[in-house]
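*Asks:* I'm passing along model_24.cif; it holds mmCIF, C-alpha atoms and all ligand atoms.
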data_work
#
loop_
_atom_site.label_atom_id
_atom_site.label_comp_id
_atom_site.auth_asym_id
_atom_site.auth_seq_id
_atom_site.Cartn_x
_atom_site.Cartn_y
_atom_site.Cartn_z
CA MET A 1 106.91 67.47 114.00
CA THR A 2 107.67 69.28 110.72
CA ARG A 3 109.22 72.73 110.42
CA SER A 4 109.63 75.12 107.47
CA SER A 5 110.71 78.72 107.27
CA ALA A 6 110.17 81.34 104.59
CA PRO A 7 111.65 84.82 104.13
CA GLY A 8 110.11 88.26 104.14
CA LYS A 9 110.67 90.71 101.29
CA VAL A 10 111.03 94.32 100.28
CA TYR A 11 109.67 95.97 97.18
CA LEU A 12 112.40 97.82 95.32
CA PHE A 13 109.66 99.03 92.99
CA GLY A 14 106.01 98.58 92.14
CA GLU A 15 103.74 97.78 95.12
CA HIS A 16 100.07 98.64 94.66
CA ALA A 17 100.48 99.14 90.90
CA VAL A 18 101.29 95.39 90.69
CA VAL A 19 97.66 94.73 91.67
CA TYR A 20 96.72 96.32 88.28
CA ASP A 21 99.20 94.18 86.34
CA GLU A 22 102.01 96.72 86.25
CA PRO A 23 105.43 95.14 86.84
CA ALA A 24 107.15 95.02 90.24
CA VAL A 25 110.62 94.04 91.48
CA LEU A 26 111.03 92.50 94.93
CA CYS A 27 113.91 91.05 96.95
CA ALA A 28 113.55 88.35 99.59
CA ILE A 29 115.38 89.32 102.79
CA GLU A 30 116.92 87.30 105.59
CA ARG A 31 114.11 87.86 108.07
CA ARG A 32 112.06 84.69 108.40
CA ALA A 33 108.82 83.23 109.66
CA GLN A 34 109.16 79.69 110.94
CA VAL A 35 106.17 77.39 111.21
CA GLU A 36 106.16 74.06 113.02
CA VAL A 37 103.28 71.64 112.68
CA GLU A 38 102.31 68.49 114.48
CA GLN A 39 99.36 66.45 113.34
CA ARG A 40 96.42 66.08 115.76
CA SER A 41 94.15 63.09 115.93
CA ASP A 42 90.96 65.16 116.52
CA GLY A 43 91.03 67.15 113.24
CA LYS A 44 91.23 70.49 115.10
CA LEU A 45 93.56 73.39 114.43
CA ARG A 46 95.40 75.02 117.34
CA VAL A 47 97.64 77.99 116.61
CA HIS A 48 100.35 79.21 118.95
CA ALA A 49 102.24 82.38 118.07
CA GLU A 50 105.58 82.16 119.90
CA ASP A 51 107.18 85.44 119.02
CA LEU A 52 105.85 87.92 116.50
CA SER A 53 108.28 90.66 117.25
CA LEU A 54 111.21 92.51 115.82
CA ASP A 55 114.17 92.62 118.17
CA GLY A 56 112.03 92.87 121.26
CA PHE A 57 109.28 95.10 119.92
CA THR A 58 106.24 92.91 120.14
CA VAL A 59 103.52 93.72 117.65
CA GLU A 60 100.11 92.62 118.90
CA TYR A 61 96.91 92.38 116.92
CA GLY A 62 93.25 91.99 117.72
CA ALA A 63 91.83 88.70 118.88
CA ALA A 64 90.56 86.32 116.25
CA ALA A 65 87.17 84.66 116.59
CA ASP A 66 87.33 81.97 119.24
CA ASP A 67 83.97 80.47 118.49
CA ARG A 68 84.73 78.68 115.26
CA PRO A 69 83.91 75.04 115.73
CA ASP A 70 87.19 73.61 114.48
CA VAL A 71 89.63 76.08 116.06
CA ASP A 72 90.85 76.11 119.67
CA VAL A 73 92.43 79.48 120.26
CA SER A 74 95.68 78.96 122.16
CA GLU A 75 96.54 80.60 125.45
CA SER A 76 99.22 82.70 123.76
CA LEU A 77 99.07 85.78 121.55
CA VAL A 78 96.19 85.48 119.15
CA THR A 79 97.12 87.44 116.10
CA ALA A 80 96.18 88.22 112.58
CA ALA A 81 98.65 85.49 111.64
CA THR A 82 96.06 82.99 112.89
CA GLN A 83 93.79 83.83 109.97
CA TYR A 84 96.58 83.19 107.48
CA VAL A 85 97.45 79.89 109.15
CA ASP A 86 93.81 78.89 109.20
CA SER A 87 93.50 79.54 105.48
CA ALA A 88 96.91 77.96 104.75
CA ILE A 89 95.83 74.76 106.49
CA GLU A 90 92.73 74.75 104.26
CA GLN A 91 95.17 74.62 101.32
CA VAL A 92 96.96 71.69 102.96
CA ARG A 93 93.61 69.93 103.36
CA ASP A 94 92.87 70.65 99.72
CA VAL A 95 96.14 68.97 98.66
CA THR A 96 95.53 65.87 100.72
CA GLY A 97 91.73 65.72 100.61
CA ASP A 98 91.69 65.04 104.40
CA GLU A 99 90.06 67.06 107.18
CA VAL A 100 93.37 66.83 108.97
CA GLY A 101 94.13 68.81 112.17
CA PHE A 102 97.37 70.33 113.45
CA ASP A 103 99.07 72.05 116.34
CA VAL A 104 100.80 74.97 114.63
CA THR A 105 103.53 77.08 116.21
CA ILE A 106 104.69 80.29 114.54
CA GLU A 107 107.89 82.16 115.32
CA SER A 108 108.78 85.17 113.26
CA ASP A 109 111.27 87.98 113.16
CA ILE A 110 109.21 89.75 110.47
CA PRO A 111 106.91 92.37 112.00
CA LEU A 112 103.29 91.79 111.00
CA GLY A 113 101.62 94.12 108.53
CA ALA A 114 104.73 96.28 108.25
CA GLY A 115 105.44 95.84 104.53
CA LEU A 116 108.00 93.05 104.85
CA GLY A 117 105.73 90.24 103.67
CA SER A 118 105.04 88.60 107.04
CA SER A 119 101.70 87.10 106.01
CA ALA A 120 103.14 85.67 102.78
CA ALA A 121 106.04 84.12 104.70
CA VAL A 122 103.69 82.58 107.29
CA ALA A 123 101.43 81.22 104.53
CA VAL A 124 104.34 79.73 102.54
CA ALA A 125 105.96 78.14 105.61
CA ALA A 126 102.65 76.79 106.96
CA ILE A 127 101.60 75.19 103.67
CA ASP A 128 105.05 73.71 103.16
CA ALA A 129 105.27 72.27 106.68
CA GLY A 130 101.66 71.02 106.61
CA THR A 131 101.92 69.24 103.28
CA ARG A 132 105.32 67.73 104.15
CA ALA A 133 103.92 66.48 107.45
CA LEU A 134 101.47 64.47 105.32
CA GLY A 135 104.19 63.17 102.99
CA THR A 136 103.85 65.59 100.05
CA THR A 137 106.59 68.06 99.09
CA LEU A 138 105.19 70.75 96.81
CA GLU A 139 107.17 72.23 93.93
CA SER A 140 107.98 75.88 94.48
CA ASP A 141 105.43 77.09 91.87
CA GLU A 142 102.55 75.18 93.44
CA LEU A 143 103.60 76.30 96.91
CA ALA A 144 103.63 79.94 95.73
CA ASP A 145 100.23 79.51 94.06
CA ARG A 146 98.61 77.98 97.14
CA ALA A 147 100.12 80.67 99.40
CA TYR A 148 98.73 83.29 96.98
CA ARG A 149 95.27 81.75 97.32
CA THR A 150 95.65 82.01 101.11
CA GLU A 151 96.42 85.75 100.90
CA TYR A 152 93.69 86.25 98.33
CA GLU A 153 91.12 84.69 100.63
CA VAL A 154 92.18 86.46 103.84
CA GLN A 155 92.55 89.81 102.07
CA GLU A 156 89.17 89.30 100.37
CA GLY A 157 90.44 89.27 96.82
CA GLN A 158 92.95 92.10 97.28
CA ALA A 159 96.28 90.42 96.64
CA SER A 160 98.83 90.05 93.87
CA ARG A 161 101.06 87.03 93.45
CA ALA A 162 104.17 89.07 94.22
CA ASP A 163 104.78 88.58 97.97
CA THR A 164 104.02 84.87 98.08
CA PHE A 165 106.07 84.07 94.95
CA CYS A 166 109.05 86.01 96.33
CA SER A 167 108.82 84.27 99.71
CA ALA A 168 108.52 80.79 98.16
CA THR A 169 111.41 81.16 95.70
CA GLY A 170 113.73 83.64 97.46
CA GLY A 171 116.20 85.89 95.63
CA ALA A 172 115.02 88.78 93.51
CA VAL A 173 111.82 88.40 91.50
CA ARG A 174 109.91 90.23 88.83
CA VAL A 175 106.14 90.02 88.78
CA GLU A 176 103.75 91.26 86.12
CA GLY A 177 100.19 89.95 86.37
CA ASP A 178 100.35 86.16 86.61
CA ASP A 179 103.88 86.12 85.22
CA CYS A 180 106.26 85.68 88.17
CA ARG A 181 109.91 84.91 87.57
CA PRO A 182 113.28 85.07 89.29
CA THR A 183 115.40 87.95 88.08
CA GLU A 184 119.10 88.54 88.54
CA SER A 185 119.78 89.24 92.23
CA PRO A 186 120.87 92.85 92.29
CA ASP A 187 123.69 93.61 94.70
CA VAL A 188 121.80 96.41 96.40
CA PRO A 189 122.74 97.74 99.84
CA ILE A 190 119.36 97.69 101.58
CA VAL A 191 118.60 99.47 104.85
CA ILE A 192 115.21 99.17 106.52
CA GLY A 193 113.53 101.56 108.93
CA PHE A 194 110.55 100.34 110.97
CA ASP A 195 108.17 102.71 112.78
CA GLY A 196 106.78 99.99 115.05
CA GLY A 197 103.37 100.18 113.40
CA ALA A 198 101.41 98.35 110.77
CA GLY A 199 99.00 99.02 107.93
CA ASP A 200 95.91 97.08 106.91
CA THR A 201 96.78 95.73 103.46
CA GLY A 202 93.18 95.00 102.46
CA GLU A 203 92.02 98.49 103.41
CA LEU A 204 94.97 100.22 101.73
CA VAL A 205 94.51 98.25 98.52
CA SER A 206 90.78 99.08 98.55
CA GLY A 207 91.59 102.74 99.08
CA VAL A 208 93.79 102.80 95.99
CA ARG A 209 91.11 100.96 94.04
CA SER A 210 88.46 103.57 94.95
CA LEU A 211 90.79 106.46 94.16
CA ARG A 212 91.66 104.91 90.81
CA GLU A 213 87.98 104.47 89.96
CA GLU A 214 87.14 108.04 90.95
CA TYR A 215 90.06 110.02 89.55
CA ASP A 216 91.96 109.82 86.28
CA PHE A 217 95.04 111.17 88.05
CA ALA A 218 95.10 108.04 90.26
CA ALA A 219 94.80 105.69 87.25
CA ASP A 220 97.61 107.68 85.59
CA THR A 221 99.69 107.44 88.79
CA VAL A 222 99.37 103.65 88.78
CA GLU A 223 100.59 103.62 85.16
CA ALA A 224 103.40 106.03 86.05
CA ILE A 225 104.57 103.60 88.74
CA GLY A 226 104.77 100.93 86.01
CA ASP A 227 106.94 103.28 84.00
CA VAL A 228 109.23 103.89 87.01
CA VAL A 229 109.54 100.12 87.50
CA ARG A 230 110.56 99.50 83.87
CA ASN A 231 113.22 102.22 84.14
CA GLY A 232 114.28 100.78 87.50
CA GLU A 233 114.79 97.37 85.95
CA GLU A 234 117.14 98.87 83.35
CA ALA A 235 119.06 100.74 86.04
CA LEU A 236 119.42 97.50 88.02
CA VAL A 237 120.76 95.67 84.95
CA ASP A 238 123.23 98.54 84.36
CA ASP A 239 124.20 98.42 88.07
CA ASP A 240 123.50 102.14 88.19
CA LEU A 241 122.69 102.50 91.89
CA GLU A 242 122.32 106.27 91.70
CA GLU A 243 119.56 105.93 89.14
CA VAL A 244 117.97 103.06 91.08
CA GLY A 245 117.89 105.39 94.11
CA ASP A 246 116.38 108.29 92.13
CA LEU A 247 113.69 106.00 90.77
CA MET A 248 112.92 104.70 94.28
CA ASN A 249 112.38 108.34 95.32
CA PHE A 250 109.99 108.87 92.38
CA ASN A 251 108.19 105.66 93.30
CA HIS A 252 107.70 106.90 96.88
CA GLY A 253 106.30 110.21 95.63
CA LEU A 254 103.79 108.39 93.43
CA LEU A 255 102.74 106.11 96.31
CA SER A 256 102.23 109.22 98.47
CA ALA A 257 99.98 110.63 95.74
CA LEU A 258 97.89 107.46 96.06
CA GLY A 259 97.50 108.15 99.78
CA VAL A 260 99.36 105.13 101.16
CA SER A 261 102.27 106.85 102.88
CA SER A 262 102.13 108.22 106.43
CA ARG A 263 103.88 110.88 108.46
CA SER A 264 106.26 108.36 110.08
CA LEU A 265 107.08 106.70 106.75
CA ASP A 266 107.76 110.12 105.18
CA THR A 267 109.90 111.12 108.19
CA MET A 268 112.02 107.97 107.86
CA VAL A 269 112.30 108.38 104.08
CA TRP A 270 113.59 111.94 104.52
CA ALA A 271 115.93 110.97 107.38
CA ALA A 272 117.52 108.32 105.15
CA ARG A 273 117.83 110.71 102.19
CA ASP A 274 119.26 113.50 104.36
CA ALA A 275 121.87 111.05 105.64
CA GLY A 276 122.99 110.42 102.06
CA ALA A 277 120.97 107.37 101.03
CA LEU A 278 120.80 107.07 97.24
CA GLY A 279 117.04 106.65 97.48
CA ALA A 280 114.28 105.70 99.92
CA LYS A 281 110.65 104.66 99.70
CA LEU A 282 107.97 102.89 101.68
CA THR A 283 107.76 99.16 101.07
CA GLY A 284 104.59 97.06 100.86
CA ALA A 285 101.09 98.32 101.44
CA GLY A 286 102.14 101.39 103.47
CA GLY A 287 100.03 103.21 106.05
CA GLY A 288 102.81 102.57 108.58
CA GLY A 289 105.51 99.95 108.96
CA CYS A 290 108.74 99.97 107.00
CA ILE A 291 110.73 101.98 104.51
CA VAL A 292 113.53 100.66 102.35
CA ALA A 293 116.58 102.83 101.64
CA LEU A 294 119.55 102.26 99.37
CA ASP A 295 122.81 103.08 101.10
CA PRO A 296 126.24 101.50 100.70
CA THR A 297 127.53 103.47 103.74
CA PRO A 298 126.45 103.07 107.40
CA GLU A 299 125.02 106.62 107.46
CA ALA A 300 121.33 106.00 106.72
CA GLU A 301 121.08 103.15 109.23
CA THR A 302 122.71 105.30 111.93
CA ALA A 303 120.54 108.32 111.12
CA LEU A 304 117.37 106.21 111.15
CA SER A 305 118.25 104.71 114.53
CA PHE A 306 118.25 108.27 115.96
CA THR A 307 115.13 109.41 114.09
CA PRO A 308 112.09 110.00 116.33
CA GLY A 309 109.36 107.62 115.25
CA CYS A 310 111.79 105.00 113.92
CA GLN A 311 111.79 102.08 116.35
CA GLU A 312 114.32 99.95 114.58
CA ALA A 313 116.78 100.32 111.73
CA PHE A 314 118.73 97.45 110.23
CA ARG A 315 120.59 96.34 107.14
CA ALA A 316 118.87 93.52 105.25
CA GLU A 317 120.73 90.81 103.37
CA LEU A 318 119.19 89.24 100.29
CA ALA A 319 117.71 85.80 101.09
CA GLU A 320 118.97 83.64 98.20
CA THR A 321 116.82 80.71 99.35
CA GLY A 322 113.04 80.92 99.68
CA VAL A 323 111.34 78.20 101.69
CA LYS A 324 113.72 76.21 103.90
CA ARG A 325 112.81 72.70 104.97
CA LEU A 326 114.14 72.35 108.49
CA GLU A 327 112.86 68.99 109.72
C1 LIG B 1 101.61 94.34 99.79
O1 LIG B 1 102.84 93.80 100.30
C2 LIG B 1 101.78 94.70 98.34
C3 LIG B 1 100.55 95.25 97.65
O2 LIG B 1 100.93 95.52 96.29
C4 LIG B 1 99.40 94.27 97.66
C5 LIG B 1 99.68 93.02 96.84
O3 LIG B 1 100.49 93.07 95.89
O4 LIG B 1 99.08 91.99 97.15
C6 LIG B 1 100.07 96.55 98.27
#
When written as structure tokens, how does the structure in this file appear?
Ligand code: MEV
*Replies:*
Amino acid sequence: MTRSSAPGKVYLFGEHAVVYDEPAVLCAIERRAQVEVEQRSDGKLRVHAEDLSLDGFTVEYGAAADDRPDVDVSESLVTAATQYVDSAIEQVRDVTGDEVGFDVTIESDIPLGAGLGSSAAVAVAAIDAGTRALGTTLESDELADRAYRTEYEVQEGQASRADTFCSATGGAVRVEGDDCRPTESPDVPIVIGFDGGAGDTGELVSGVRSLREEYDFAADTVEAIGDVVRNGEEALVDDDLEEVGDLMNFNHGLLSALGVSSRSLDTMVWAARDAGALGAKLTGAGGGGCIVALDPTPEAETALSFTPGCQEAFRAELAETGVKRLE
């Protein structure tokens, strides 16, 4: 039995625009997906999702195909995570050159599809555990690259390297095109609000792509997000949290213009701002899920926990370590 865990993430700046090679800044957070693997002798893959919930709010997804020849669908929750595991195990097979099979168990306290990088964390942890079970420990860069290929395949070509790199390495990262690197971990007081829902990353990314092809304003908006990110990076270096917050607000407005916010995300963003947060924006693909607010006081978290439509509010600590090798 081999176990690895990998953290989720928030975008301080730059989601969606990062797909078009604009820069983005992300922070890994101490919410983790843990994947345990045990090799099978029959070459099959069996996936068991133990707990894909956030503090008791179970997020369920549609059933995956149960007729694929090499997959036995387990008796438990069959979730979208299965597809990521399936594709991650293909990466493991690619490393070893064997048609090896596994029993895979996932436990996660990162809600799926909610903007906190659940699929990237599952992919990173599954590839790491699978390859280690076969005696190979991948360097962080190769692990991130193989996890990226997993997301790329499942999301049908609609993925940047950002989420998977951040989950594999931990800390704060800067991504621009294929250039992914750790950046100084900003000491930012992060509060998260979760509406209990999820967005479809592939669909949301496609929506932005179509808008960008049809309208100049959308192409300009993507570039404007890049501009916000570059200013945000300077504000982070200067430790100017007020400016970081302002720029997060601008970033949210630009994402709304691209059509990826939602009523519940906007409601949580405004609840956090009204409570005195320095800034607030959606994080990840949008459509539903989570917002990230900047607040050194307890006010935004408290206000969010009383906001209709916000199921859960919590403070997130930076995860300094990416993948953790547990056994
Ligand atoms: C999703 O967490 C972030 C997006 O920018 C897509 C991607 O970068 O792969 C929307």
*Asks:* Which is closer to A:Glu107 than all the others in A:Ala121, A:Ala33, A:Leu45, A:Ala172, using only C-alpha atoms?
*Replies:*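 Closest candidate: A:Ala33.
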*Asks:* Counting all atoms listed in the file, I want the residues whose atoms come within 8 Å of (96.8, 65.3, 103.2) in the file frame, returned as a ChimeraX atom specification.
*Replies:* /A:92-98,100,131,134-136
*Asks:* Take the residues that were just selected and, keeping C-alpha atoms, output them as a PDB file, in the coordinates of the input.
*Replies:*
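Output file again_19.pdb follows:
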ATOM      1  CA  VAL A  92      96.960  71.690 102.960  1.00  0.00           C
ATOM      2  CA  ARG A  93      93.610  69.930 103.360  1.00  0.00           C
ATOM      3  CA  ASP A  94      92.870  70.650  99.720  1.00  0.00           C
ATOM      4  CA  VAL A  95      96.140  68.970  98.660  1.00  0.00           C
ATOM      5  CA  THR A  96      95.530  65.870 100.720  1.00  0.00           C
ATOM      6  CA  GLY A  97      91.730  65.720 100.610  1.00  0.00           C
ATOM      7  CA  ASP A  98      91.690  65.040 104.400  1.00  0.00           C
ATOM      8  CA  VAL A 100      93.370  66.830 108.970  1.00  0.00           C
ATOM      9  CA  THR A 131     101.920  69.240 103.280  1.00  0.00           C
ATOM     10  CA  LEU A 134     101.470  64.470 105.320  1.00  0.00           C
ATOM     11  CA  GLY A 135     104.190  63.170 102.990  1.00  0.00           C
ATOM     12  CA  THR A 136     103.850  65.590 100.050  1.00  0.00           C
TER      13      THR A 136
END
*Asks:* Please provide as a ChimeraX atom specification all residues within 10 Å of A:Ser256, with the sequence filter that same-chain residues fewer than 6 positions apart are discarded (counting only C-alpha atoms).
*Replies:* /A:250,262,265-266,281-282,286-287
*Asks:* For the residues in the current selection, export C-alpha atoms as a compact mmCIF listing (two decimals), in the coordinates of the input.
*Replies:*
# COMPACT_ATOMS: atom_id res chain seq x y z
CA PHE A 250 109.99 108.87 92.38
CA SER A 262 102.13 108.22 106.43
CA LEU A 265 107.08 106.70 106.75
CA ASP A 266 107.76 110.12 105.18
CA LYS A 281 110.65 104.66 99.70
CA LEU A 282 107.97 102.89 101.68
CA GLY A 286 102.14 101.39 103.47
CA GLY A 287 100.03 103.21 106.05
*Asks:* With all atoms listed in the file as the counted atoms, please give the residues lying no more than 12 Å from A:Val323, apart from itself and same-chain residues fewer than 5 positions off, as a PyMOL selection string.
*Replies:* chain A and resi 3-8+28-35+120-129+137-141+143-144+147+164-171
*Asks:* What is the atom CA of A:Val10-atom CA of A:Thr283 distance in Å, reported with one decimal?
*Replies:* 5.9 Å
*Asks:* Using all atoms listed in the file, collect all residues at a distance of at most 9 Å from (112.1, 109.8, 113.8) as written in the file, then present them as a list in words.
*Replies:*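 So the residues meeting the distance criterion are Asp195, Ser264, Thr267, Met268, Ala271, Ala303, Leu304, Ser305, Phe306, Thr307, Pro308, Gly309, Cys310 and Gln311 of chain A.
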*Asks:* What does the list of residues within 7 Å of ligand LIG 1 (chain B) look like if you count all atoms listed in the file, written as a PyMOL selection string?
*Replies:* chain A and resi 15-19+115-117+158-163+201+205+284-285
*Asks:* With only C-alpha atoms as the atoms that count, which of A:Leu254, A:Asp246, A:Ile190, A:Arg181 lies nearest to A:Phe217?
*Replies:*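 The closest residue to A:Phe217 is A:Leu254.
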*Asks:* So which residues touch A:Met248 within 10 Å, counting all atoms listed in the file, skipping near sequence neighbours fewer than 6 positions away, as a ChimeraX atom specification?
*Replies:* /A:11-14,228-229,232,242,254,278-282,292-294
*Asks:* One decimal, Å: what's the distance from atom CA of A:Glu214 over to atom CA of A:Leu255, could you say?
*Replies:* 16.6 Å
*Asks:* Calculate how many Å separate atom CA of A:Gly322 from atom CA of A:Ser185, rounding to one decimal.
*Replies:*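 Distance between the two atoms: 13.0 Å.
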*Asks:* So, with all atoms listed in the file as the atoms that count, which of A:Cys180, A:Ile89, A:Ala257, A:Val47 lies closest to A:Gly130?
*Replies:* A:Ile89
*Asks:* Smallest atom-to-atom distance to A:Leu26: which of A:Ala219, A:Ala235, A:Val175, A:Ile291, using only C-alpha atoms?
*Replies:*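 Of the candidates, the smallest distance to A:Leu26 is held by A:Val175.
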